[in-house]
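J.: Structure file target_15.csv (CSV, C-alpha atoms) is given on the next line.
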```
chain,number,residue,atom,x,y,z
W,148,MET,CA,-15.5,-1.4,21.9
W,149,MET,CA,-15.7,0.8,18.9
W,150,ASP,CA,-17.9,3.9,19.1
W,151,ARG,CA,-16.5,6.5,16.8
W,152,PHE,CA,-16.3,5.7,13.1
W,153,LEU,CA,-14.6,7.6,10.3
W,154,ILE,CA,-16.4,7.0,7.0
W,155,VAL,CA,-14.3,7.5,3.9
W,156,THR,CA,-16.0,7.4,0.5
W,157,ASN,CA,-14.5,7.1,-2.9
W,158,ASP,CA,-16.9,9.6,-4.7
W,159,GLY,CA,-16.2,8.0,-8.0
W,160,LYS,CA,-17.3,4.6,-6.8
W,161,ASP,CA,-20.2,5.4,-4.6
W,162,THR,CA,-21.5,8.2,-6.8
W,163,GLY,CA,-24.9,8.6,-5.2
W,164,LYS,CA,-23.6,7.9,-1.7
W,165,THR,CA,-26.1,5.0,-1.4
W,166,VAL,CA,-23.7,2.6,0.2
W,167,THR,CA,-22.3,5.3,2.4
W,168,GLY,CA,-25.8,6.2,3.6
W,169,GLN,CA,-26.5,2.6,4.4
W,170,VAL,CA,-23.4,2.2,6.5
W,171,VAL,CA,-24.1,5.5,8.4
W,172,GLU,CA,-27.7,4.6,9.0
W,173,LEU,CA,-26.8,1.1,10.4
W,174,LEU,CA,-24.1,2.6,12.7
W,175,ARG,CA,-26.2,5.5,14.0
W,176,ALA,CA,-29.1,3.1,14.7
W,177,ALA,CA,-26.8,1.3,17.0
W,178,GLY,CA,-25.9,4.5,18.8
W,179,LYS,CA,-22.5,5.0,17.2
W,180,VAL,CA,-20.9,8.2,16.1
W,181,CYS,CA,-20.1,8.7,12.4
W,182,ILE,CA,-17.6,11.2,11.1
W,183,ILE,CA,-17.9,11.8,7.4
W,184,CYS,CA,-14.4,12.3,6.0
W,185,GLN,CA,-14.0,15.8,4.5
W,186,LYS,CA,-12.2,16.3,1.1
W,187,ASP,CA,-10.8,19.2,-0.8
W,188,GLU,CA,-11.7,20.3,-4.3
W,189,LYS,CA,-9.2,17.7,-5.7
W,190,LYS,CA,-11.0,15.0,-3.8
W,191,LYS,CA,-8.1,14.6,-1.4
W,192,ILE,CA,-8.8,13.8,2.3
W,193,ILE,CA,-8.4,16.9,4.6
W,194,ARG,CA,-6.4,15.3,7.3
W,195,SER,CA,-6.9,18.1,9.8
W,196,SER,CA,-10.6,17.5,9.7
W,197,VAL,CA,-10.3,14.0,11.2
W,198,PRO,CA,-10.5,13.8,15.1
W,199,LYS,CA,-7.7,12.1,16.9
W,200,ASP,CA,-10.1,9.8,18.9
W,201,VAL,CA,-11.5,7.8,16.0
W,202,ASP,CA,-11.9,4.0,16.8
W,203,CYS,CA,-12.2,2.7,13.2
W,204,ALA,CA,-12.1,3.9,9.6
W,205,ILE,CA,-14.6,2.3,7.2
W,206,VAL,CA,-13.4,2.9,3.6
W,207,ILE,CA,-16.0,2.6,0.8
W,208,GLY,CA,-14.3,2.2,-2.5
W,209,GLY,CA,-11.5,-0.1,-3.7
W,210,ASP,CA,-8.0,-1.1,-2.7
W,211,GLY,CA,-6.6,2.3,-3.7
W,212,SER,CA,-8.9,4.1,-1.4
W,213,LEU,CA,-8.0,1.9,1.5
W,214,ILE,CA,-4.2,2.4,0.8
W,215,GLU,CA,-4.7,6.1,0.8
W,216,VAL,CA,-6.3,6.0,4.2
W,217,ALA,CA,-3.6,3.7,5.5
W,218,ARG,CA,-0.8,6.0,4.3
W,219,LEU,CA,-2.5,9.1,5.5
W,220,PHE,CA,-3.2,8.0,9.1
W,221,TRP,CA,-0.3,5.6,9.7
W,222,GLU,CA,0.8,7.6,12.8
W,223,GLN,CA,-2.7,7.3,14.4
W,224,ASP,CA,-2.8,3.5,13.6
W,225,ILE,CA,-6.6,3.5,13.1
W,226,PRO,CA,-8.0,0.0,12.4
W,227,ILE,CA,-9.4,0.0,8.8
W,228,LEU,CA,-12.3,-2.0,7.2
W,229,GLY,CA,-12.7,-1.8,3.5
W,230,VAL,CA,-16.0,-2.1,1.6
W,231,ASN,CA,-15.3,-3.3,-1.9
W,232,MET,CA,-16.7,-1.2,-4.8
W,233,GLY,CA,-13.8,-1.8,-7.0
W,234,THR,CA,-12.8,-4.9,-9.1
W,235,LEU,CA,-10.7,-7.6,-7.4
W,236,GLY,CA,-10.4,-6.0,-4.0
W,237,TYR,CA,-7.6,-8.0,-2.4
W,238,LEU,CA,-7.6,-5.6,0.6
W,239,THR,CA,-11.2,-4.6,1.0
W,240,GLU,CA,-12.9,-7.1,3.3
W,241,VAL,CA,-16.6,-6.6,2.7
W,242,GLU,CA,-18.7,-6.8,-0.4
W,243,VAL,CA,-21.7,-4.5,-0.8
W,244,SER,CA,-24.1,-7.3,-0.3
W,245,GLY,CA,-22.7,-8.1,3.1
W,246,ILE,CA,-22.7,-4.6,4.7
W,247,GLU,CA,-25.5,-5.3,7.2
W,248,MET,CA,-23.8,-8.4,8.5
W,249,ALA,CA,-20.4,-6.6,8.6
W,250,VAL,CA,-21.7,-3.7,10.6
W,251,GLY,CA,-23.4,-6.2,13.0
W,252,GLN,CA,-20.0,-7.9,13.5
W,253,LEU,CA,-18.3,-4.6,14.2
W,254,ILE,CA,-20.9,-3.6,16.8
W,255,SER,CA,-20.8,-7.0,18.6
W,256,GLY,CA,-17.0,-7.2,18.5
W,257,ASP,CA,-17.0,-10.3,16.3
W,258,TYR,CA,-13.8,-9.5,14.4
W,259,ALA,CA,-10.0,-9.9,14.5
W,260,LEU,CA,-7.2,-7.4,13.9
W,261,GLU,CA,-4.4,-8.1,11.5
W,262,ARG,CA,-1.1,-6.2,11.5
W,263,ARG,CA,0.4,-5.5,8.1
W,264,MET,CA,4.0,-4.3,7.8
W,265,MET,CA,4.8,-1.2,5.9
W,266,LEU,CA,7.9,0.1,4.1
W,267,LYS,CA,9.7,3.3,4.7
W,268,GLY,CA,11.8,5.2,2.1
W,269,ILE,CA,14.6,7.4,3.3
W,270,PHE,CA,16.3,9.9,0.9
W,271,GLU,CA,19.7,11.5,1.3
W,272,ASP,CA,18.2,14.9,1.9
W,273,GLY,CA,16.3,13.6,4.9
W,274,ARG,CA,12.9,13.2,3.2
W,275,THR,CA,10.9,10.1,4.1
W,276,ASP,CA,7.7,8.4,3.1
W,277,VAL,CA,5.8,5.2,3.8
W,278,SER,CA,3.9,2.6,1.8
W,279,LEU,CA,1.6,-0.3,2.6
W,280,ASN,CA,1.9,-2.0,-0.8
W,281,ASP,CA,5.2,-1.1,-2.5
W,282,ILE,CA,8.0,1.3,-3.3
W,283,VAL,CA,8.7,1.4,-7.0
W,284,VAL,CA,11.7,2.8,-8.8
W,285,SER,CA,10.9,3.4,-12.5
W,286,ARG,CA,12.1,5.3,-15.5
W,287,LYS,CA,11.2,8.9,-16.1
W,288,GLY,CA,10.4,10.3,-19.6
W,289,GLU,CA,11.2,8.4,-22.7
W,290,LEU,CA,11.0,4.6,-23.1
W,291,HIS,CA,14.4,3.1,-22.1
W,292,ILE,CA,15.9,0.9,-19.5
W,293,ILE,CA,17.6,2.3,-16.4
W,294,HIS,CA,20.7,1.2,-14.6
W,295,PHE,CA,20.9,0.8,-10.9
W,296,ARG,CA,22.7,-0.9,-8.1
W,297,LEU,CA,21.0,-2.7,-5.3
W,298,TYR,CA,22.7,-3.1,-1.9
W,299,VAL,CA,21.5,-5.1,1.1
W,300,ASN,CA,22.9,-4.2,4.5
W,301,GLY,CA,25.8,-2.4,2.8
W,302,GLU,CA,26.8,-5.3,0.5
W,303,LEU,CA,26.3,-5.2,-3.2
W,304,LEU,CA,23.6,-7.6,-4.3
W,305,ASN,CA,23.4,-6.9,-8.0
W,306,ASP,CA,23.7,-4.5,-10.9
W,307,TYR,CA,20.5,-4.2,-12.9
W,308,GLU,CA,19.5,-3.0,-16.3
W,309,ALA,CA,15.7,-3.0,-16.2
W,310,ASP,CA,12.6,-0.8,-16.6
W,311,GLY,CA,12.7,-0.5,-12.8
W,312,VAL,CA,12.3,-2.5,-9.6
W,313,VAL,CA,9.4,-3.1,-7.1
W,314,LEU,CA,10.1,-3.4,-3.4
W,315,SER,CA,7.0,-5.0,-2.0
W,316,THR,CA,5.5,-5.9,1.3
W,317,PRO,CA,3.5,-9.1,1.7
W,318,THR,CA,0.3,-7.1,1.5
W,319,GLY,CA,1.5,-5.6,-1.8
W,320,SER,CA,2.6,-8.9,-3.3
W,321,THR,CA,-0.7,-9.2,-5.2
W,322,ALA,CA,-0.3,-5.7,-6.7
W,323,TYR,CA,2.5,-4.4,-9.1
W,324,ASN,CA,4.8,-7.1,-7.8
W,325,LEU,CA,2.5,-9.8,-9.1
W,326,SER,CA,2.1,-8.1,-12.5
W,327,ALA,CA,5.9,-7.9,-12.7
W,328,GLY,CA,6.2,-11.7,-12.2
W,329,GLY,CA,6.8,-11.7,-8.5
W,330,PRO,CA,5.5,-14.2,-6.0
W,331,ILE,CA,2.2,-14.0,-4.0
W,332,VAL,CA,3.0,-13.9,-0.3
W,333,GLU,CA,0.7,-14.5,2.7
W,334,PRO,CA,-0.2,-10.9,3.8
W,335,THR,CA,0.6,-11.2,7.5
W,336,ALA,CA,4.1,-12.5,6.8
W,337,GLU,CA,7.1,-10.3,7.5
W,338,LEU,CA,9.5,-10.0,4.6
W,339,ILE,CA,10.4,-7.8,1.7
W,340,VAL,CA,10.1,-8.9,-2.0
W,341,VAL,CA,12.4,-7.4,-4.6
W,342,THR,CA,11.2,-7.8,-8.1
W,343,PRO,CA,12.9,-6.3,-11.2
W,344,ILE,CA,10.6,-4.9,-13.8
W,345,CYS,CA,11.3,-6.3,-17.3
W,346,SER,CA,14.9,-7.0,-16.5
W,347,HIS,CA,17.4,-7.3,-19.4
W,348,ALA,CA,19.0,-10.4,-18.0
W,349,LEU,CA,17.9,-14.0,-18.4
W,350,ASN,CA,18.7,-14.9,-14.7
W,351,SER,CA,16.9,-12.0,-13.1
W,352,ARG,CA,14.3,-13.2,-10.6
W,353,SER,CA,12.5,-12.0,-7.5
W,354,ILE,CA,14.5,-12.1,-4.3
W,355,ILE,CA,12.9,-12.5,-0.8
W,356,LEU,CA,14.7,-10.6,1.9
W,357,SER,CA,14.2,-10.4,5.7
W,358,SER,CA,12.0,-7.7,7.0
W,359,GLU,CA,15.0,-6.5,9.0
W,360,ASP,CA,17.2,-5.9,6.0
W,361,GLU,CA,18.1,-2.4,4.8
W,362,ILE,CA,18.1,-2.0,1.0
W,363,VAL,CA,19.8,0.8,-0.8
W,364,ILE,CA,19.2,1.6,-4.5
W,365,GLU,CA,21.8,3.7,-6.3
W,366,ILE,CA,20.9,5.2,-9.6
W,367,GLY,CA,23.5,4.6,-12.3
W,368,PRO,CA,24.4,6.6,-15.4
W,369,GLY,CA,22.2,6.6,-18.5
W,370,ARG,CA,23.2,5.9,-22.1
W,371,ASN,CA,26.8,6.9,-23.0
W,372,GLY,CA,27.4,8.1,-19.5
W,373,SER,CA,24.5,10.6,-19.6
W,374,ARG,CA,22.6,11.7,-16.5
W,375,GLU,CA,19.7,9.3,-15.7
W,376,GLU,CA,16.4,10.4,-14.1
W,377,VAL,CA,14.0,8.2,-12.4
W,378,TYR,CA,10.9,8.3,-10.2
W,379,VAL,CA,10.4,6.7,-6.8
W,380,ALA,CA,6.7,6.1,-6.2
W,381,PHE,CA,5.1,5.2,-2.9
W,382,ASP,CA,2.0,3.0,-3.4
W,383,GLY,CA,1.6,4.5,-6.9
W,384,ALA,CA,0.8,7.9,-5.4
W,385,ASP,CA,3.5,10.3,-4.0
W,386,THR,CA,6.6,10.4,-6.2
W,387,VAL,CA,10.2,11.7,-5.8
W,388,SER,CA,12.6,12.3,-8.6
W,389,LEU,CA,16.2,11.0,-8.4
W,390,LYS,CA,19.1,11.3,-10.8
W,391,THR,CA,22.4,9.5,-11.5
W,392,GLY,CA,24.4,9.1,-8.3
W,393,ASP,CA,21.4,9.5,-6.0
W,394,LYS,CA,20.3,6.8,-3.5
W,395,VAL,CA,17.2,5.8,-1.6
W,396,MET,CA,17.2,3.5,1.4
W,397,VAL,CA,14.2,1.2,2.0
W,398,ARG,CA,13.5,-0.6,5.2
W,399,ARG,CA,10.7,-1.8,7.3
W,400,SER,CA,8.7,1.0,8.8
W,401,ASP,CA,8.3,1.3,12.5
W,402,ALA,CA,4.6,1.9,11.7
W,403,SER,CA,2.2,-0.7,10.5
W,404,THR,CA,-1.4,-0.9,9.3
W,405,THR,CA,-4.1,-2.6,11.3
W,406,MET,CA,-6.8,-4.3,9.1
W,407,ILE,CA,-10.1,-5.5,10.5
W,408,LYS,CA,-10.8,-9.1,9.5
W,409,LEU,CA,-14.5,-10.2,9.7
W,410,SER,CA,-14.4,-13.3,7.5
W,411,LYS,CA,-13.3,-16.7,8.8
W,412,VAL,CA,-12.3,-17.6,5.2
W,413,SER,CA,-8.6,-18.3,4.8
W,414,PHE,CA,-6.2,-16.3,2.7
W,415,LEU,CA,-5.8,-19.2,0.3
W,416,GLU,CA,-9.5,-19.6,-0.2
W,417,THR,CA,-9.9,-15.9,-0.8
W,418,LEU,CA,-7.0,-15.9,-3.2
W,419,ARG,CA,-8.5,-18.8,-5.1
W,420,GLY,CA,-11.8,-17.0,-5.5
W,421,LYS,CA,-10.2,-13.7,-6.6
W,422,MET,CA,-8.0,-15.4,-9.2
W,423,LYS,CA,-10.7,-17.4,-11.0
W,424,GLY,CA,-10.9,-16.2,-14.5
W,425,ASN,CA,-8.0,-13.7,-14.1
```
Translate the structure of the given file into structure tokens.
T.:
Amino acid sequence: MMDRFLIVTNDGKDTGKTVTGQVVELLRAAGKVCIICQKDEKKKIIRSSVPKDVDCAIVIGGDGSLIEVARLFWEQDIPILGVNMGTLGYLTEVEVSGIEMAVGQLISGDYALERRMMLKGIFEDGRTDVSLNDIVVSRKGELHIIHFRLYVNGELLNDYEADGVVLSTPTGSTAYNLSAGGPIVEPTAELIVVTPICSHALNSRSIILSSEDEIVIEIGPGRNGSREEVYVAFDGADTVSLKTGDKVMVRRSDASTTMIKLSKVSFLETLRGKMKGN
């Protein structure tokens, strides 16, 4: 049974804290403990202010807010429920109009838990980071293509000339991967999608790899043998700079994100509704 709830609000979405107040009121009326997530002056979550014994995180905002919570608390593996105050909201489960029903389901235990795989990026200097949606390698600075080599389990897969590459989880397949022309994947699947961004080759397509594969991206030289510089971004947030000759390894993370599913609606039905008119 869930008794202690972390409430995380995107202040730019729920500006008057109306929705946040409604969620807190419903939970407290049921005798539950609500911990309001503290943020610093830059609106970043103060991780040290969150107790270790939280049973659930309710995120009020959009998909970006939910991803921020998933990446920040991946070691604690807190089940997450998203309230959609964004636009499409592929990850956020609850619409504002359905909050009362959603809280009732949480309290009564009428929900399911879905495990979503995450990716881990490992750099040569020992730094690591994780992502729920994707790890993206893209150009830094002026508009030009970048050269890189992609290895899978130590074997060269291909040389690319492109604007970059998206390495996506199934959860992230409806994000940058989709915009780059990649396939939509059922979110609980276990695989890695590799999608070049604006590749300068006619036969360059997305490649589906096993979730157990290890992928290495090696940054090649720039024009006329010059030093190339690129960014590696994790869920569009944290970025690391690399240069010609540098490598980053991407593999499945040992950690995963637990999503709370209240709706009995299938992924395909949800997808059909989200994509109408888009």
J.: So that each row is one residue of segment 322-359 of chain W with an atom at most 6 Å from segment 293-312 of chain W, can you give its shortest atom pair and the distance in Å to one decimal, using all atoms listed in the file, rows by chain and rising number, as JSON lines?
T.:
```
{"residue": "W:Thr342", "atom": "CA", "partner": "W:Val312", "partner_atom": "CA", "distance": 5.6}
{"residue": "W:Pro343", "atom": "CA", "partner": "W:Val312", "partner_atom": "CA", "distance": 4.2}
{"residue": "W:Ile344", "atom": "CA", "partner": "W:Gly311", "partner_atom": "CA", "distance": 5.0}
{"residue": "W:Cys345", "atom": "CA", "partner": "W:Ala309", "partner_atom": "CA", "distance": 5.6}
{"residue": "W:Ser346", "atom": "CA", "partner": "W:Ala309", "partner_atom": "CA", "distance": 4.1}
{"residue": "W:His347", "atom": "CA", "partner": "W:Ala309", "partner_atom": "CA", "distance": 5.6}
```
J.: Contacts of segment 407-417 of chain W at 9 Å or less, counting all atoms listed in the file, minus same-chain residues fewer than 4 places along, as a list in words?
T.: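 Surrounding residues, per the criterion: Cys203, Pro226, Ile227, Leu228, Gly229, Tyr237, Glu240, Val241, Ala249, Gln252, Leu253, Asp257, Tyr258, Ala259, Leu260, Glu261, Glu333, Pro334, Lys421 and Met422 of chain W.
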J.: Just to confirm, what's the straight-line distance from atom CA of Arg194 of chain W to atom CA of Thr234 of chain W in Å (one decimal)?
T.: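 The value is 26.8 Å.
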J.: Rounded to one decimal, what separation in Å do you get between atom CA of Pro330 of chain W and atom CA of Ser357 of chain W?
T.: 15.1 Å
J.: Ile214 of chain W: which residues within 12 Å, counting all atoms listed in the file, same-chain residues fewer than 5 positions away excluded, as a PyMOL selection string?
T.: chain W and resi 155+157+204+206-209+219-221+227-229+236-239+263+265+277-281+318-319+322+381-384+404-406
J.: What does the distance from atom CA of Ala176 of chain W to atom CA of Asn231 of chain W come to in Å, to one decimal?
T.: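 Between atom CA of Ala176 of chain W and atom CA of Asn231 of chain W the gap works out to 22.5 Å.
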J.: Would you output segment 294-406 of chain W from that structure, restricted to C-alpha atoms, as a tab-separated table (two decimals), in the first residue's frame?
T.:
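Saved file result20.tsv follows:
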```
chain	number	residue	atom	x	y	z
W	294	HIS	CA	31.50	11.85	-39.10
W	295	PHE	CA	31.30	8.93	-36.70
W	296	ARG	CA	31.72	5.18	-36.58
W	297	LEU	CA	29.26	2.91	-34.84
W	298	TYR	CA	30.34	-0.44	-33.40
W	299	VAL	CA	28.08	-3.16	-31.98
W	300	ASN	CA	29.66	-5.68	-29.61
W	301	GLY	CA	33.09	-4.72	-30.92
W	302	GLU	CA	32.22	-5.12	-34.61
W	303	LEU	CA	31.97	-2.16	-36.99
W	304	LEU	CA	28.36	-1.65	-38.06
W	305	ASN	CA	28.72	1.44	-40.24
W	306	ASP	CA	30.44	4.74	-40.93
W	307	TYR	CA	28.03	7.67	-40.88
W	308	GLU	CA	27.98	11.20	-42.21
W	309	ALA	CA	24.96	12.80	-40.58
W	310	ASP	CA	23.72	15.55	-38.30
W	311	GLY	CA	23.94	13.01	-35.49
W	312	VAL	CA	22.41	9.81	-34.18
W	313	VAL	CA	19.64	8.93	-31.71
W	314	LEU	CA	19.96	5.85	-29.51
W	315	SER	CA	16.48	5.33	-28.14
W	316	THR	CA	14.69	3.09	-25.68
W	317	PRO	CA	11.19	1.85	-26.56
W	318	THR	CA	9.82	4.52	-24.22
W	319	GLY	CA	11.72	7.19	-26.15
W	320	SER	CA	10.68	5.92	-29.56
W	321	THR	CA	7.88	8.52	-29.70
W	322	ALA	CA	10.29	11.38	-28.94
W	323	TYR	CA	13.33	12.53	-30.99
W	324	ASN	CA	13.57	9.10	-32.60
W	325	LEU	CA	10.12	9.55	-34.16
W	326	SER	CA	10.96	13.06	-35.37
W	327	ALA	CA	14.12	11.69	-37.00
W	328	GLY	CA	12.09	9.13	-38.92
W	329	GLY	CA	12.53	6.18	-36.57
W	330	PRO	CA	9.89	3.56	-35.72
W	331	ILE	CA	7.37	3.66	-32.87
W	332	VAL	CA	7.98	0.80	-30.42
W	333	GLU	CA	5.70	-0.66	-27.76
W	334	PRO	CA	7.09	0.96	-24.58
W	335	THR	CA	7.54	-2.16	-22.45
W	336	ALA	CA	9.61	-3.90	-25.15
W	337	GLU	CA	13.31	-4.48	-24.53
W	338	LEU	CA	15.47	-3.27	-27.41
W	339	ILE	CA	17.55	-0.32	-28.59
W	340	VAL	CA	16.68	1.76	-31.66
W	341	VAL	CA	19.53	3.44	-33.56
W	342	THR	CA	18.34	6.25	-35.86
W	343	PRO	CA	20.70	8.53	-37.82
W	344	ILE	CA	19.67	12.20	-37.94
W	345	CYS	CA	19.49	13.57	-41.50
W	346	SER	CA	22.02	11.08	-42.81
W	347	HIS	CA	23.88	11.92	-46.03
W	348	ALA	CA	23.26	8.46	-47.47
W	349	LEU	CA	20.30	7.11	-49.41
W	350	ASN	CA	20.28	3.73	-47.66
W	351	SER	CA	20.57	4.95	-44.07
W	352	ARG	CA	17.69	3.63	-41.97
W	353	SER	CA	16.94	2.92	-38.33
W	354	ILE	CA	18.43	-0.28	-36.92
W	355	ILE	CA	16.83	-2.31	-34.12
W	356	LEU	CA	19.33	-3.92	-31.75
W	357	SER	CA	19.00	-6.28	-28.82
W	358	SER	CA	18.76	-4.73	-25.37
W	359	GLU	CA	21.86	-6.76	-24.48
W	360	ASP	CA	24.04	-5.24	-27.22
W	361	GLU	CA	26.86	-2.82	-26.42
W	362	ILE	CA	27.16	0.12	-28.80
W	363	VAL	CA	30.25	2.28	-29.19
W	364	ILE	CA	30.24	5.56	-31.10
W	365	GLU	CA	33.64	6.88	-32.16
W	366	ILE	CA	33.85	10.50	-33.29
W	367	GLY	CA	35.65	10.90	-36.61
W	368	PRO	CA	37.61	13.86	-38.05
W	369	GLY	CA	35.95	17.03	-39.31
W	370	ARG	CA	36.39	18.67	-42.69
W	371	ASN	CA	39.85	18.40	-44.18
W	372	GLY	CA	40.99	16.34	-41.21
W	373	SER	CA	40.16	19.04	-38.65
W	374	ARG	CA	39.17	18.25	-35.09
W	375	GLU	CA	35.44	17.58	-34.76
W	376	GLU	CA	33.45	18.52	-31.65
W	377	VAL	CA	30.07	17.06	-30.72
W	378	TYR	CA	27.60	16.90	-27.87
W	379	VAL	CA	26.27	13.77	-26.20
W	380	ALA	CA	22.91	14.57	-24.59
W	381	PHE	CA	20.96	12.44	-22.12
W	382	ASP	CA	17.20	12.94	-22.47
W	383	GLY	CA	17.90	16.38	-23.89
W	384	ALA	CA	19.23	17.56	-20.54
W	385	ASP	CA	22.76	16.75	-19.34
W	386	THR	CA	25.35	17.10	-22.09
W	387	VAL	CA	28.95	15.96	-22.46
W	388	SER	CA	31.37	17.32	-25.09
W	389	LEU	CA	33.47	14.93	-27.18
W	390	LYS	CA	36.05	15.51	-29.91
W	391	THR	CA	37.62	13.54	-32.75
W	392	GLY	CA	38.93	10.19	-31.52
W	393	ASP	CA	36.74	10.12	-28.41
W	394	LYS	CA	34.27	7.31	-27.80
W	395	VAL	CA	31.12	6.75	-25.79
W	396	MET	CA	29.69	3.32	-25.00
W	397	VAL	CA	25.93	2.91	-24.71
W	398	ARG	CA	24.24	-0.13	-23.23
W	399	ARG	CA	21.18	-1.06	-21.29
W	400	SER	CA	21.26	0.33	-17.76
W	401	ASP	CA	20.97	-2.01	-14.81
W	402	ALA	CA	18.39	0.46	-13.51
W	403	SER	CA	14.88	0.87	-14.88
W	404	THR	CA	11.95	3.25	-14.40
W	405	THR	CA	8.71	2.03	-12.85
W	406	MET	CA	5.62	3.69	-14.30
```
